[in-house]
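Some notes on the structure that comes next.
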Amino acid sequence: MAAAAAAAKAAATKPLQLQLLEKQLKSYDPGVRSQGLGTIPVLPVPVDLLSKSIVELLEHENLYVKQTAVEAIGRAATAKNTSCILALDRVGPLVKHGQPEVGRQAFAALLRAKELAPEELIPEQRHPASLDDQRQKKPLPPGPAETAAIKAAEWLQDDDPRTRRQAVELLTQMGPFAAPYCEGMAAMLADRDIHVRLAVVNALGYLGVEAKGGIAKAGEQLGHADAAVRRSAAKAMVAIAAHSGEEAAAAVCPQLSSPDPAVRISALEVMSSLGPLAAPYGSSLAKLLADRSPRVPEAAARALISAGPKVVKYLKHIKVSLLSENPKHRAAAELAMRGLSSQSAHVAAFASSLLRDHATEDGSVVYQAHHRVHALRVLASAQENAVPYLNDVVNELDRRDWALRRAAMETFEELGVHARKAAREVAKRLSSHDKDIRRAAAETLGRMGSHATVYGQQLVGALRLESDKHVRDACEDAVVRLKEAGVLDDDA
């Protein structure tokens, strides 16, 4: 009885217009509720009473009344900014209401206030409202949109992961008003809850250039000890790169020198995703080709390939690893150069230079056989960029080392149509006095298939005149291949 009497007394003190509004907003009829919402911007009642009445509706037992209260707060933002701000102050504590639905509607009210608020300036653009304020260097007080962002940010460090996630999702919709909180959100990439981390990833991408304040912090999270956090940070950097690519690459670069190989690999994988944006850091990427960790060199090679032809100016750093005594470092450098050789003629030119005989003053050879094998494999991937150097590849068939001959054969096979111009020089070696050279030439023509062109007939003639068993076997296998490729008739 006492509670009912208190409620009746409180209702009696409310203006009649406000009592009518409450009845309209609680009505089961959508038309009546809509009519009540339309009167809010022009309702002649004290703003504190209006805001209190609206917020109380968020705790109503009916969901449609809660949703109407959310809309009412937004309508208050369209004209009665002070009322809306007072309402938002009262909405904040409801986020942690015992009823989850009330909490959800409280977040919805914050967002609706931002959506319906008149266009307002962000803090950096606001100017003092009066001459006295200007003298005291006082900016305008925050409007509904900024107030909503402030209230949302207050819940970023809440103990409940659901509340933290909802706060991030709300700030995602706040545009420039979320900018002051982007660094804090980026730090939440280390949150223990994966759903919170995913919300942060989405926020840093969706906010666009407004998220620049969080880029450096997001890059730091790539160095986190937890692999799950590093994966979230990597996703965030890729999302950020869509709007702030150069800044994202700059934030990732420091992690390339981390003492933890897992961190270096994570940073390299992000660099691979950034593509040409990683090119300015080609020197750092190339140096990691000689990393002591077993997985880092290959990851560095893939990052260099993704960076594209602009990293060719760091070719001298890649060369260091290609000429290394460590076979794993050489393999990583070869992988990088194979990927770049079709993108840049400079890489193919460098590879061909390793096939030429260079000697020091004491007469020792600079490049060993394994260096030449790597060079041949690089040229095999160079496509049309390898055409000027086909004769250098043909000359490797004259070597005594069968590893070099085999690598040259595989190069012609992989080059396909781009090796067509070398068929004549290869066919000339069918008449060499050295049986091993004849054998290598025959096998090469067979591997070239349809690109051996008219020189298939010359191979048939060589088979008829050949006396060495191994060369004849190579010629016969090559003839079979050329028949399958359609270069020779079945009766050839």
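Residues are referred to by chain and number: the chain letter is A, B, ... according to the order shown in the structure tokens, the number counts from 1 in that chain, and ligands are numbered separately from 1 in the order shown.
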
Would you mind listing what lies within 8 Å of Ser53 in chain A as a list of chain:residue names, with only C-alpha atoms counted and same-chain residues fewer than 4 positions away left out?
->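 So, after excluding close chain neighbours, the residues are A:Glu22, A:Leu49, A:Leu57.
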
Show which residues sit within 12 Å of range 468-479 of chain A, as a ChimeraX atom specification. Count only C-alpha atoms, and ignore same-chain residues fewer than 5 positions away.
-> /A:427,430-450,452,455-463,484-492

One-decimal distance in Å that lies between CA of Ala167 in chain A and CA of Asp48 in chain A =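 Interatomic distance here is 25.8 Å.
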
Distance CA of Val312 in chain A-CA of Ala332 in chain A, one decimal place?
->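 That distance, rounded to one decimal, is 15.6 Å.
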
Please identify which residues in range 143-225 of chain A DSSP calls helix (DSSP H, G or I) from the backbone, and express them as number ranges by chain.
-> A: 144-153, 161-172, 175-190, 194-206, 208-223

Identify which of the residues A:Thr68, A:Ser341, A:Thr147, A:Asn326 lies closest to Pro309 in chain A, counting only C-alpha atoms when measuring atom-to-atom distances.
->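 Smallest separation from Pro309 in chain A among the options: A:Ser341.
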
Separation of CA of Ser381 in chain A from CA of Ala369 in chain A in Å =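 Between CA of Ala369 in chain A and CA of Ser381 in chain A the gap works out to 19.2 Å.
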
Using only C-alpha atoms, find the one residue out of A:Gln368, A:Arg302, A:Glu246, A:Pro294 that sits nearest to Ser324 in chain A.
->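 Of A:Gln368, A:Arg302, A:Glu246, A:Pro294, the one nearest Ser324 in chain A is A:Gln368, counting only C-alpha atoms.
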
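Comparing A:Val168, A:Leu482, A:Leu37, A:Leu43 by their smallest distance to Val454 in chain A, the closest is A:Leu482 (using only C-alpha atoms).
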
Find the residue from A:Leu354, A:Arg420, A:Arg231, A:Val201 that sits nearest to Glu396 in chain A; use only C-alpha atoms when measuring.
->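 Among A:Leu354, A:Arg420, A:Arg231, A:Val201, it is A:Leu354 that comes nearest to Glu396 in chain A.
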
For Ile305 in chain A: contacts at 8 Å, only C-alpha atoms, fewer than 2 positions along chain excluded, given as a list of chain:residue names =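 My reading of the contact set: A:Ser272, A:Ala301, A:Arg302, A:Ala303, A:Ala307, A:Gly308, A:Ala336, A:Met337, A:Gly339, A:Leu340.
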
Since we have the selection now, will you write its residues out, keeping N, CA and C atoms, as a short mmCIF file (atom, residue, chain, number, x, y, z; two decimals), in the first residue's frame?
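Output contents, as saved in result08.cif:
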```cif
data_model
loop_
_atom_site.label_atom_id
_atom_site.label_comp_id
_atom_site.auth_asym_id
_atom_site.auth_seq_id
_atom_site.Cartn_x
_atom_site.Cartn_y
_atom_site.Cartn_z
N SER A 272 53.00 -10.63 -45.86
CA SER A 272 52.57 -11.32 -47.08
C SER A 272 51.17 -10.88 -47.48
N ALA A 301 60.56 -15.46 -47.64
CA ALA A 301 60.52 -15.58 -49.10
C ALA A 301 59.12 -15.29 -49.63
N ARG A 302 58.11 -15.82 -48.97
CA ARG A 302 56.74 -15.60 -49.43
C ARG A 302 56.33 -14.13 -49.27
N ALA A 303 56.83 -13.49 -48.23
CA ALA A 303 56.54 -12.06 -48.06
C ALA A 303 57.19 -11.24 -49.17
N ALA A 307 55.31 -8.91 -51.98
CA ALA A 307 55.64 -7.48 -52.07
C ALA A 307 55.81 -7.02 -53.50
N GLY A 308 56.16 -7.94 -54.40
CA GLY A 308 56.20 -7.60 -55.82
C GLY A 308 57.52 -7.04 -56.30
N ALA A 336 62.29 -17.17 -53.13
CA ALA A 336 61.95 -15.75 -53.31
C ALA A 336 62.22 -15.30 -54.74
N MET A 337 63.38 -15.70 -55.27
CA MET A 337 63.75 -15.26 -56.62
C MET A 337 62.88 -15.93 -57.68
N GLY A 339 59.76 -16.63 -57.33
CA GLY A 339 58.51 -15.90 -57.33
C GLY A 339 58.62 -14.52 -57.96
N LEU A 340 59.80 -13.92 -57.86
CA LEU A 340 60.00 -12.56 -58.38
C LEU A 340 60.47 -12.55 -59.84
#
```
